[in-house]
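Enquirer: A single structure is presented below for examination.
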Amino acid sequence: MVNTHMAQRDWRYYLNRGIIHFILLFAVLFYLLPLIVMVFTSFKTMDDIRAGNLISLPTEWVVDAWVKAWSSACTGVKCEGVEGYFWNSVAIVVPAVLISTAIGALNGYVLTKWRFRGSEIFFGFLLFGCFIPFQVVLLPMAQTLGWLGLANTTAGLVMVHVVYGMAFTTLFFRNFYVNIPDELVKAAHLDGAGFFTIFWRILLPISGPIIVVTIIWQTTQIWNDFLFGVVYGSGETQPITVALNNLVNTSTGVKEYNVHMAAAIIAGLPTLLVYVLAGKYFVRGLTAGSVKG
Amino acid sequence: MDAARPENATSSSPSLMQRLEHFIPKLVVAPTFIAMLVFIYGYILWNAVLSMTNSRFLPSYDFVGFKQYELLMDNDRWGVAVVNLILFGGLFILICLAIGVTLAILLDQKIRQEGAIRTIYLYPMSLSFIVTGTAWKWMLNPGLGLEKLVRDMGFENFEFDWIVDPDMAVYTLVIAAVWQSSGFVMAMFLAGLRGIDSSIIQAAQIDGASIPRIYWRIIVPALRPVFFSAFIILSHIAIKSFDLVMAMTGGGPGYQTDLPATFMYVHSFTRSQIGLGSASAMLMLGGVLALLIPYLYSELRGTKNG
Amino acid sequence: MAALDIEHVRKVFGGKTEVLKDINISIDDGEFLILVGPSGCGKSTLLNSIAGLEDITDGVIRIGGQDVSRKSPKDRDIAMVFQSYALYPSMNVRQNISFGLEIRKIPKEEINTEVDRVAKLLQIEHLLDRKPSQLSGGQRQRVAMGRALARKPAIYLFDEPLSNLDAKLRVEMRTEIKKLHQNLGTTIVYVTHDQIEAMTLADRIAVMKDGILQQFGSPQEIYDEPNNIFVAGFMGSPSMNFVPTPVQKEGGMLVAKLTTLEGTTFSLPLGDRGNVLGKYEGKQVILGVRPERISNVSADGNPEDSIVLKSKAGVVEPTGPDTLVHMNLNGIEVNCRVDPDYKVKTGDPLEVIMDLSKAVFFDKDTEARIV
């Protein structure tokens with residue numbers, strides 16, 4: 001931040017401030033517009049939509065589109081709304097996040113406090129897993145899931161998300177634990193604590209922030225996933241992103257934009273809520289996850 | 001403490017418990033190690049093998065050498081996808097960087113409500129590209145979207161139908177992707193700005209440099225590492241872009257907005273061209289590596305020097 | 001009984017770098033051993049090896065006569081105080097102190113009694129419910145010691161425990177540790193790079209450099225009879241003066257020659273030392289003499305075995321209790337420690353007396369002490 005000298009506060013200073021605020025406000029509108037449009041549209045009737053424009057307020061606020069999106073809109077063959085898919089996503093996200101976070105925590109612990117010959121190389125190779133375009137593993141994984149009888153199952157999707165989330169969770173915990181002094185572990189070791197006691201009693205109690213960061217990151221990633229969902233899920237097990245895409249792009253007949261928007265908001269709401277409630281941790285994960293990963 | 005354990009340790013054998021203690025850490029990471037070996041490196045190899053076969057609906061193992069790659073090179077649709085990626089990726093990255101650095105600098109001018117503004121800039125990043133795509137698809141709807149909004153404002157002849165225009169549809173992807181990611185780039189630059197040693201700026205002010213000059217000559221160059229990281233992240237997002245295309249255009253009109261990721265998906269899973277699909281995946285991996293290896297190299301060298 | 005024996009201990013990193021080279025140290029029960037040396041000398045590695053936090057490549061470590069070389073740290077009957085204190089951040093002071101006892105499955109009442117005893121000993125009773133983040137540096141230091149004391153181990157290990165404290169607190173805690181040692185009669189191994197800490201605290205000092213034990217002995221031995229130039233220079237502040245001097249025969253006596261900047265030459269009679277230094281006749285040796293042994297001529301006459309030097313004063317540095325004056329001998333800046341009442345300015349004529357009774361001589365090539 002450059003300090004503006006008091007003496008410079010003439011009309012030019014106020015003009016500059018005005019321009020700065022104008023640009024920032026314009027950007028605020030740019031980022032908010034789609035959200036406003038989505039909300040307005042979702043509460044309109046189709047007639048209202050045709051009569052008005054994107055940012056005209058609904059003449060009458062109706063929740064019909066929401067009800068339809070949730071329980072009776074057609075997502076491909078079936079017309080049962082996105083409700084079932086919403087819970088599918090929950091059923092995928094919860095176990096996948098918990099398992100991958102637990103694995104990441106233990107890996108991070110070993111890779112910082114119990115290094116062994118080759119552990120750094122191992123981490124390097126694992127890190128690479130954060131970068132690969134997943135297209136390169138799609139086909140072999142599809143076949144493997146088939147062999148394991150996990151194709152088109154929730155368990156299969158959980159497994160895929162755990163496997164390809166591990167690199168990130170490990171990275172998060174490793175970078176956190178690397179800043180915890182080794183002496184803490186040595187002291188506990190001398191106090192007679194073993195591998196798991198040290199983890200459980202010493203490291204885990206101070207891992208709160210990184211656990212939150214990891215859980216938020218993983219939740220967002222897995223909830224928002226489309227690629228694995230569309231390839232490895234079928235009608236019964238598809239996550240909500242796939243259902244939303246089907247609803248919007250494969251439905252025949254009249255396009256019900258209000259229903260589309262309501263469904264989109266439903267699909268986006270959980271991660272949006274996470275962001276609003278724990279934005280600080282979300283940003284931290286984003287930065288840590290993407291700068292290094 | 002560092003890993004290196006002394007070699008040829010002397011006798012007086014350790015107890016069973018101790019030896020177990022020694023193995024527990026390795027045991028704990030073993031599942032990850034095996035998963036990594038199989039699901040990342042094994043699969044990459046497997047995919048490489050598939051790309052050398054003439055697999056169609058199901059994987060087969062009739063080797064045809066590099067025929068699939070040759071087919072890919074002659075494939076118009078792949079050509080379109082690659083050109084689109086360059087176009088989409090290039091614009092997406094440039095615009096995101098420009099918007100990101102501009103907003104970050106402006107937001108760093110002691111703005112009241114900075115926190116709230118930052119939150120608004122960044123929220124799109126928490127959404128799925130499918131949600132983003134759905135929203136923008138509606139906004140860009142030729143009949144009822146922005147076109148109508150502007151006409152209602154009095155510009156009767158305004159036309160904005162890029163999303164169905166074969167030549168322009170790819171740019172609508174850029175708009176939506178920029179909307180989603182530029183706030184994040186802003187956050188990266190803002191963090192970078194906050195990390196600059198303020199005494200350097202004070203020194204420049206004492207030297208009599210004007211504020212724009214300080215930004216141009218001192219602050220923006222100091223943000224070089226952020227430009228670099230943001231470039232890597234954004235190009236990574238661009239190469240992997242799949243959801244956004246599927247939600248907004250489905251690759252259409254025709255295959256005018258195909259990207260390598262959608263090309264791979266369509267050929268592998270709907271057009272029964274597994275061989276071709278896996279070959280395209282290999283080329284995507286190659287693209288990522290071409291970006292990543294120089295980046296990692298400079299990162300590692302940086303940490304060694306610093 | 002020997003509390004700690006270190007016999008022929010070697011440690012090799014990655015098959016190449018030898019960080020400990022054939023270390024032999026033995027101390028008795030209740031002794032305070034200080035491992036001192038510049039950073040990277042291997043002192044911390046040696047301490048970690050005693051603790052069992054690092055494995056040794058060769059040799060034997062015995063605690064209370066028992067070979068613990070291959071034992072896990074928790075079975076070695078030791079406790080350690082770390083440089084960063086390593087207090088468990090999530091636990092309060094009471095839990096920090098009791099953790100080790102709890103792990104060892106000591107009954108609850110016993111733990112409570114023990115924590116109270118230690119807290120009283122260290123005067124931290126009022127801090128027992130606080131978290132480490134709520135403590136000052138000195139308080140953390142006490143808690144860290146309390147954690148070690150609660151276990152009543154055979155040996156306490158201290159890894160530069162005072163280096164994170166400010167200067168004043170460091171001196172206070174130093175005294176406190178000394179008191180604690182005297183009252184409890186514990187065996188302590190203490191690592192520091194601070195030679196003042198080493199001198200004030202130790203019963204025995206082990207000076208290390210480059211993984212080699214340079215000298216092992218009582219503080220006075222180390223100070224007065226250093227094995228080599230490194231030890232002589234490392235211990236004592238300001239450092240010992242090292243002056244290369246030619247050894248000559250003069251009137252049938254062996255003398256060392258000192259020449260001032262003005263060209264005046266003085267002859268130092270070598271006396272008994274002549275027997276040993278005889279073979280250096282016509283060669284150069286290095287004279288080692290501590291600053292406090294070159295002082296102003298006092299009223300109550302000169303000690304035996306001393307010589308008066310006359311020259312000009314160089315830089316004058318008053319420190320309060322005494323004043324350091326530089327002079328030039330054989331082309332080397334030499335520090336003299338004079339009485340603060342001895343008023344002298346740069347350029348003034350300087351008359352000092354060099355006490356030769358504690359002077360030492362080193363071989364120029366091997367740097368080992370000759371006599």
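Letters A, B, ... mark the chains of the structure tokens in the order given; residue numbers begin at 1 per chain; ligand numbers begin at 1, in order shown.
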Using only C-alpha atoms, which chain C residues lie at most 8 Å away from chain B, written as an MDAnalysis selection string?
Expert: chainID C and resid 11:15 54:59 70:72
Enquirer: Those same residues - N, CA and C atoms - I'd like them written as a tab-separated table (two decimals), in the first residue's frame.
Expert:
```tsv
chain	number	residue	atom	x	y	z
C	11	LYS	N	29.41	-41.42	14.38
C	11	LYS	CA	28.16	-41.33	13.64
C	11	LYS	C	28.48	-40.86	12.24
C	12	VAL	N	27.96	-41.60	11.27
C	12	VAL	CA	28.20	-41.28	9.87
C	12	VAL	C	26.86	-41.03	9.21
C	13	PHE	N	26.73	-39.91	8.55
C	13	PHE	CA	25.51	-39.60	7.80
C	13	PHE	C	25.66	-40.06	6.37
C	14	GLY	N	24.68	-40.80	5.92
C	14	GLY	CA	24.65	-41.17	4.50
C	14	GLY	C	25.91	-41.82	4.00
C	15	GLY	N	26.62	-42.52	4.89
C	15	GLY	CA	27.78	-43.29	4.47
C	15	GLY	C	29.04	-42.46	4.24
C	54	GLU	N	18.73	-40.00	17.81
C	54	GLU	CA	19.48	-40.35	16.61
C	54	GLU	C	20.28	-41.60	16.91
C	55	ASP	N	20.43	-42.44	15.91
C	55	ASP	CA	21.21	-43.67	16.08
C	55	ASP	C	22.69	-43.36	15.91
C	56	ILE	N	23.52	-44.14	16.59
C	56	ILE	CA	24.95	-43.99	16.37
C	56	ILE	C	25.43	-45.10	15.45
C	57	THR	N	26.51	-44.83	14.75
C	57	THR	CA	27.01	-45.81	13.80
C	57	THR	C	27.87	-46.85	14.49
C	58	ASP	N	28.63	-46.38	15.48
C	58	ASP	CA	29.60	-47.25	16.14
C	58	ASP	C	29.74	-46.82	17.58
C	59	GLY	N	30.20	-47.74	18.40
C	59	GLY	CA	30.49	-47.37	19.78
C	59	GLY	C	29.37	-47.73	20.72
C	70	ARG	N	21.24	-49.20	21.70
C	70	ARG	CA	20.19	-49.59	20.75
C	70	ARG	C	18.79	-49.42	21.34
C	71	LYS	N	18.72	-48.80	22.50
C	71	LYS	CA	17.41	-48.70	23.12
C	71	LYS	C	16.62	-47.51	22.60
C	72	SER	N	15.33	-47.65	22.66
C	72	SER	CA	14.46	-46.56	22.26
C	72	SER	C	14.54	-45.45	23.33
```
Enquirer: Within 8 Å of chain A, which residues of chain C show up when using only C-alpha atoms, listed as a list in words?
Expert: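 Matching residues, ligands excluded from the count: Ala51, Leu53, Pro73, Lys74, Asp75, Ile78, Ala79, Met80, Phe82, Ser84, Tyr85, Ala86, Leu87, Tyr88, Pro89, Ser90, Phe99, Gly100, Leu101, Ile103 and Arg104 of chain C.
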Enquirer: Keeping only N, CA and C atoms, write the selected residues to a file as a compact mmCIF listing (two decimals), in the first residue's frame.
Expert:
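Result saved to selection.txt:
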```
# COMPACT_ATOMS: atom_id res chain seq x y z
N ALA C 51 20.21 -39.25 23.86
CA ALA C 51 18.77 -39.35 24.08
C ALA C 51 18.16 -40.52 23.32
N LEU C 53 17.47 -40.15 20.12
CA LEU C 53 16.71 -39.55 19.03
C LEU C 53 17.44 -39.73 17.71
N PRO C 73 14.37 -44.20 22.93
CA PRO C 73 14.53 -43.08 23.86
C PRO C 73 13.76 -43.27 25.16
N LYS C 74 12.57 -43.83 25.04
CA LYS C 74 11.73 -43.88 26.24
C LYS C 74 12.25 -44.90 27.25
N ASP C 75 13.11 -45.81 26.80
CA ASP C 75 13.64 -46.81 27.71
C ASP C 75 15.02 -46.44 28.26
N ILE C 78 15.92 -41.05 30.64
CA ILE C 78 16.46 -39.70 30.47
C ILE C 78 15.29 -38.74 30.29
N ALA C 79 15.55 -37.46 30.52
CA ALA C 79 14.57 -36.44 30.19
C ALA C 79 15.33 -35.31 29.53
N MET C 80 14.62 -34.55 28.72
CA MET C 80 15.33 -33.56 27.93
C MET C 80 14.59 -32.22 27.94
N PHE C 82 14.36 -28.83 25.70
CA PHE C 82 14.72 -28.43 24.35
C PHE C 82 14.92 -26.93 24.24
N SER C 84 13.68 -24.96 22.00
CA SER C 84 12.40 -24.27 21.77
C SER C 84 11.39 -24.63 22.85
N TYR C 85 11.83 -25.32 23.86
CA TYR C 85 11.01 -25.80 24.99
C TYR C 85 10.09 -26.94 24.61
N ALA C 86 9.58 -26.90 23.34
CA ALA C 86 8.74 -28.00 22.85
C ALA C 86 7.62 -28.33 23.81
N LEU C 87 6.97 -27.29 24.33
CA LEU C 87 5.80 -27.54 25.15
C LEU C 87 4.64 -27.92 24.24
N TYR C 88 3.83 -28.88 24.67
CA TYR C 88 2.71 -29.30 23.85
C TYR C 88 1.67 -28.19 23.82
N PRO C 89 1.43 -27.60 22.65
CA PRO C 89 0.61 -26.37 22.61
C PRO C 89 -0.83 -26.59 23.05
N SER C 90 -1.35 -27.79 22.84
CA SER C 90 -2.77 -28.00 23.13
C SER C 90 -3.01 -28.33 24.61
N PHE C 99 2.20 -35.44 31.20
CA PHE C 99 2.05 -36.30 30.03
C PHE C 99 2.95 -37.54 30.07
N GLY C 100 4.22 -37.29 30.38
CA GLY C 100 5.18 -38.40 30.38
C GLY C 100 4.85 -39.44 31.44
N LEU C 101 4.34 -38.97 32.58
CA LEU C 101 3.98 -39.88 33.66
C LEU C 101 2.75 -40.69 33.27
N ILE C 103 1.75 -41.43 30.24
CA ILE C 103 2.12 -42.43 29.24
C ILE C 103 2.74 -43.65 29.92
N ARG C 104 3.48 -43.39 30.99
CA ARG C 104 4.14 -44.49 31.70
C ARG C 104 3.22 -45.15 32.71
```
Enquirer: Select all residues from chain B having any atom no more than 6 Å from an atom of chain A (counting only C-alpha atoms, ignoring ligands), output as a VMD selection string.
Expert: chain B and resid 3 25 29 43 108 126 to 128 131 149 240 247 281
Enquirer: Report as a list in words: the residues of region 115-166 of chain B with a DSSP assignment of alpha helix (DSSP H), based on the backbone of this structure.
Expert: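 Residues meeting the alpha helix (DSSP H) criterion: Gly115, Ala116, Ile117, Arg118, Thr119, Ile120, Tyr121, Leu122, Phe129, Ile130, Val131, Thr132, Gly133, Thr134, Ala135, Trp136, Lys137, Trp138, Met139, Leu146, Glu147, Lys148, Leu149, Val150, Arg151 and Asp152 of chain B.
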Enquirer: Identify, on the basis of only C-alpha atoms, every residue whose closest approach to Gly165 (chain A) does not exceed 8 Å; exclude the query and any residue fewer than 3 positions from it along the same chain; express the result as a PDB file with N, CA and C atoms, in the first residue's frame.
Expert:
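That gives us part_39.pdb:
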```pdb
ATOM      1  N   SER A 100     -10.356 -39.164   2.752  1.00  0.00           N
ATOM      2  CA  SER A 100      -9.163 -38.563   2.148  1.00  0.00           C
ATOM      3  C   SER A 100      -8.479 -37.613   3.134  1.00  0.00           C
ATOM      4  N   HIS A 161     -12.676 -40.490  -5.793  1.00  0.00           N
ATOM      5  CA  HIS A 161     -12.390 -39.188  -5.188  1.00  0.00           C
ATOM      6  C   HIS A 161     -11.338 -39.285  -4.094  1.00  0.00           C
ATOM      7  N   VAL A 162     -11.360 -40.384  -3.353  1.00  0.00           N
ATOM      8  CA  VAL A 162     -10.338 -40.564  -2.321  1.00  0.00           C
ATOM      9  C   VAL A 162      -8.968 -40.691  -2.975  1.00  0.00           C
ATOM     10  N   PHE A 168      -3.627 -34.056  -2.732  1.00  0.00           N
ATOM     11  CA  PHE A 168      -3.885 -32.718  -2.210  1.00  0.00           C
ATOM     12  C   PHE A 168      -3.936 -32.703  -0.687  1.00  0.00           C
ATOM     13  N   THR A 169      -4.676 -33.653  -0.117  1.00  0.00           N
ATOM     14  CA  THR A 169      -4.796 -33.641   1.345  1.00  0.00           C
ATOM     15  C   THR A 169      -3.428 -33.864   1.977  1.00  0.00           C
ATOM     16  N   GLN A 218     -11.715 -30.209  -0.005  1.00  0.00           N
ATOM     17  CA  GLN A 218     -12.177 -31.479  -0.540  1.00  0.00           C
ATOM     18  C   GLN A 218     -13.682 -31.445  -0.796  1.00  0.00           C
TER      19      GLN A 218
END
```
Enquirer: Residues of region 102-198 of chain C classed as strand (DSSP E or B) by DSSP on the backbone are to be reported as a PyMOL selection string.
Expert: chain C and resi 155-159+187-192
Enquirer: So that I can check the surroundings of region 36-44 of chain C, please list as an MDAnalysis selection string every protein, DNA and RNA residue that reaches within 8 Å of it, counting only C-alpha atoms and ignoring chain neighbours fewer than 6 positions away.
Expert: chainID C and resid 19:20 159 191:195 198 205:212 234
Enquirer: Restricting it to N, CA and C atoms, dump the selection as a PDB file, in the first residue's frame.
Expert:
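Result went into result-v2.pdb, see below:
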```pdb
ATOM      1  N   VAL C  19      29.952 -37.172  11.379  1.00  0.00           N
ATOM      2  CA  VAL C  19      29.613 -36.038  12.231  1.00  0.00           C
ATOM      3  C   VAL C  19      30.095 -36.234  13.659  1.00  0.00           C
ATOM      4  N   LEU C  20      30.358 -37.463  14.055  1.00  0.00           N
ATOM      5  CA  LEU C  20      30.975 -37.721  15.358  1.00  0.00           C
ATOM      6  C   LEU C  20      32.141 -38.676  15.123  1.00  0.00           C
ATOM      7  N   ASP C 159      19.261 -29.019  25.819  1.00  0.00           N
ATOM      8  CA  ASP C 159      19.754 -28.623  24.497  1.00  0.00           C
ATOM      9  C   ASP C 159      19.639 -27.101  24.356  1.00  0.00           C
ATOM     10  N   VAL C 191      24.030 -28.849  26.474  1.00  0.00           N
ATOM     11  CA  VAL C 191      24.678 -28.379  25.252  1.00  0.00           C
ATOM     12  C   VAL C 191      24.551 -26.873  25.156  1.00  0.00           C
ATOM     13  N   THR C 192      25.628 -26.210  24.809  1.00  0.00           N
ATOM     14  CA  THR C 192      25.557 -24.765  24.597  1.00  0.00           C
ATOM     15  C   THR C 192      26.666 -24.355  23.642  1.00  0.00           C
ATOM     16  N   HIS C 193      26.486 -23.179  23.044  1.00  0.00           N
ATOM     17  CA  HIS C 193      27.609 -22.648  22.271  1.00  0.00           C
ATOM     18  C   HIS C 193      28.198 -21.461  23.010  1.00  0.00           C
ATOM     19  N   ASP C 194      27.632 -21.219  24.218  1.00  0.00           N
ATOM     20  CA  ASP C 194      28.017 -20.040  24.981  1.00  0.00           C
ATOM     21  C   ASP C 194      29.078 -20.451  25.997  1.00  0.00           C
ATOM     22  N   GLN C 195      30.310 -19.963  25.794  1.00  0.00           N
ATOM     23  CA  GLN C 195      31.392 -20.439  26.649  1.00  0.00           C
ATOM     24  C   GLN C 195      31.264 -19.922  28.087  1.00  0.00           C
ATOM     25  N   ALA C 198      29.146 -22.374  29.777  1.00  0.00           N
ATOM     26  CA  ALA C 198      29.953 -23.568  30.008  1.00  0.00           C
ATOM     27  C   ALA C 198      30.826 -23.397  31.248  1.00  0.00           C
ATOM     28  N   ILE C 205      33.714 -30.083  31.191  1.00  0.00           N
ATOM     29  CA  ILE C 205      33.391 -29.505  29.886  1.00  0.00           C
ATOM     30  C   ILE C 205      33.983 -30.390  28.803  1.00  0.00           C
ATOM     31  N   ALA C 206      33.175 -30.632  27.755  1.00  0.00           N
ATOM     32  CA  ALA C 206      33.694 -31.302  26.568  1.00  0.00           C
ATOM     33  C   ALA C 206      33.625 -30.298  25.431  1.00  0.00           C
ATOM     34  N   VAL C 207      34.789 -29.881  24.942  1.00  0.00           N
ATOM     35  CA  VAL C 207      34.820 -28.919  23.843  1.00  0.00           C
ATOM     36  C   VAL C 207      34.901 -29.696  22.541  1.00  0.00           C
ATOM     37  N   MET C 208      33.999 -29.378  21.624  1.00  0.00           N
ATOM     38  CA  MET C 208      33.963 -30.123  20.368  1.00  0.00           C
ATOM     39  C   MET C 208      34.131 -29.208  19.172  1.00  0.00           C
ATOM     40  N   LYS C 209      34.689 -29.777  18.124  1.00  0.00           N
ATOM     41  CA  LYS C 209      34.783 -29.054  16.862  1.00  0.00           C
ATOM     42  C   LYS C 209      34.876 -30.083  15.742  1.00  0.00           C
ATOM     43  N   ASP C 210      34.112 -29.869  14.690  1.00  0.00           N
ATOM     44  CA  ASP C 210      34.122 -30.764  13.527  1.00  0.00           C
ATOM     45  C   ASP C 210      33.933 -32.230  13.904  1.00  0.00           C
ATOM     46  N   GLY C 211      33.099 -32.476  14.878  1.00  0.00           N
ATOM     47  CA  GLY C 211      32.820 -33.865  15.244  1.00  0.00           C
ATOM     48  C   GLY C 211      33.905 -34.515  16.072  1.00  0.00           C
ATOM     49  N   ILE C 212      34.931 -33.728  16.418  1.00  0.00           N
ATOM     50  CA  ILE C 212      36.023 -34.283  17.217  1.00  0.00           C
ATOM     51  C   ILE C 212      35.996 -33.671  18.611  1.00  0.00           C
ATOM     52  N   PHE C 234      38.405 -20.512  21.929  1.00  0.00           N
ATOM     53  CA  PHE C 234      36.960 -20.615  22.077  1.00  0.00           C
ATOM     54  C   PHE C 234      36.506 -20.240  23.481  1.00  0.00           C
TER      55      PHE C 234
END
```
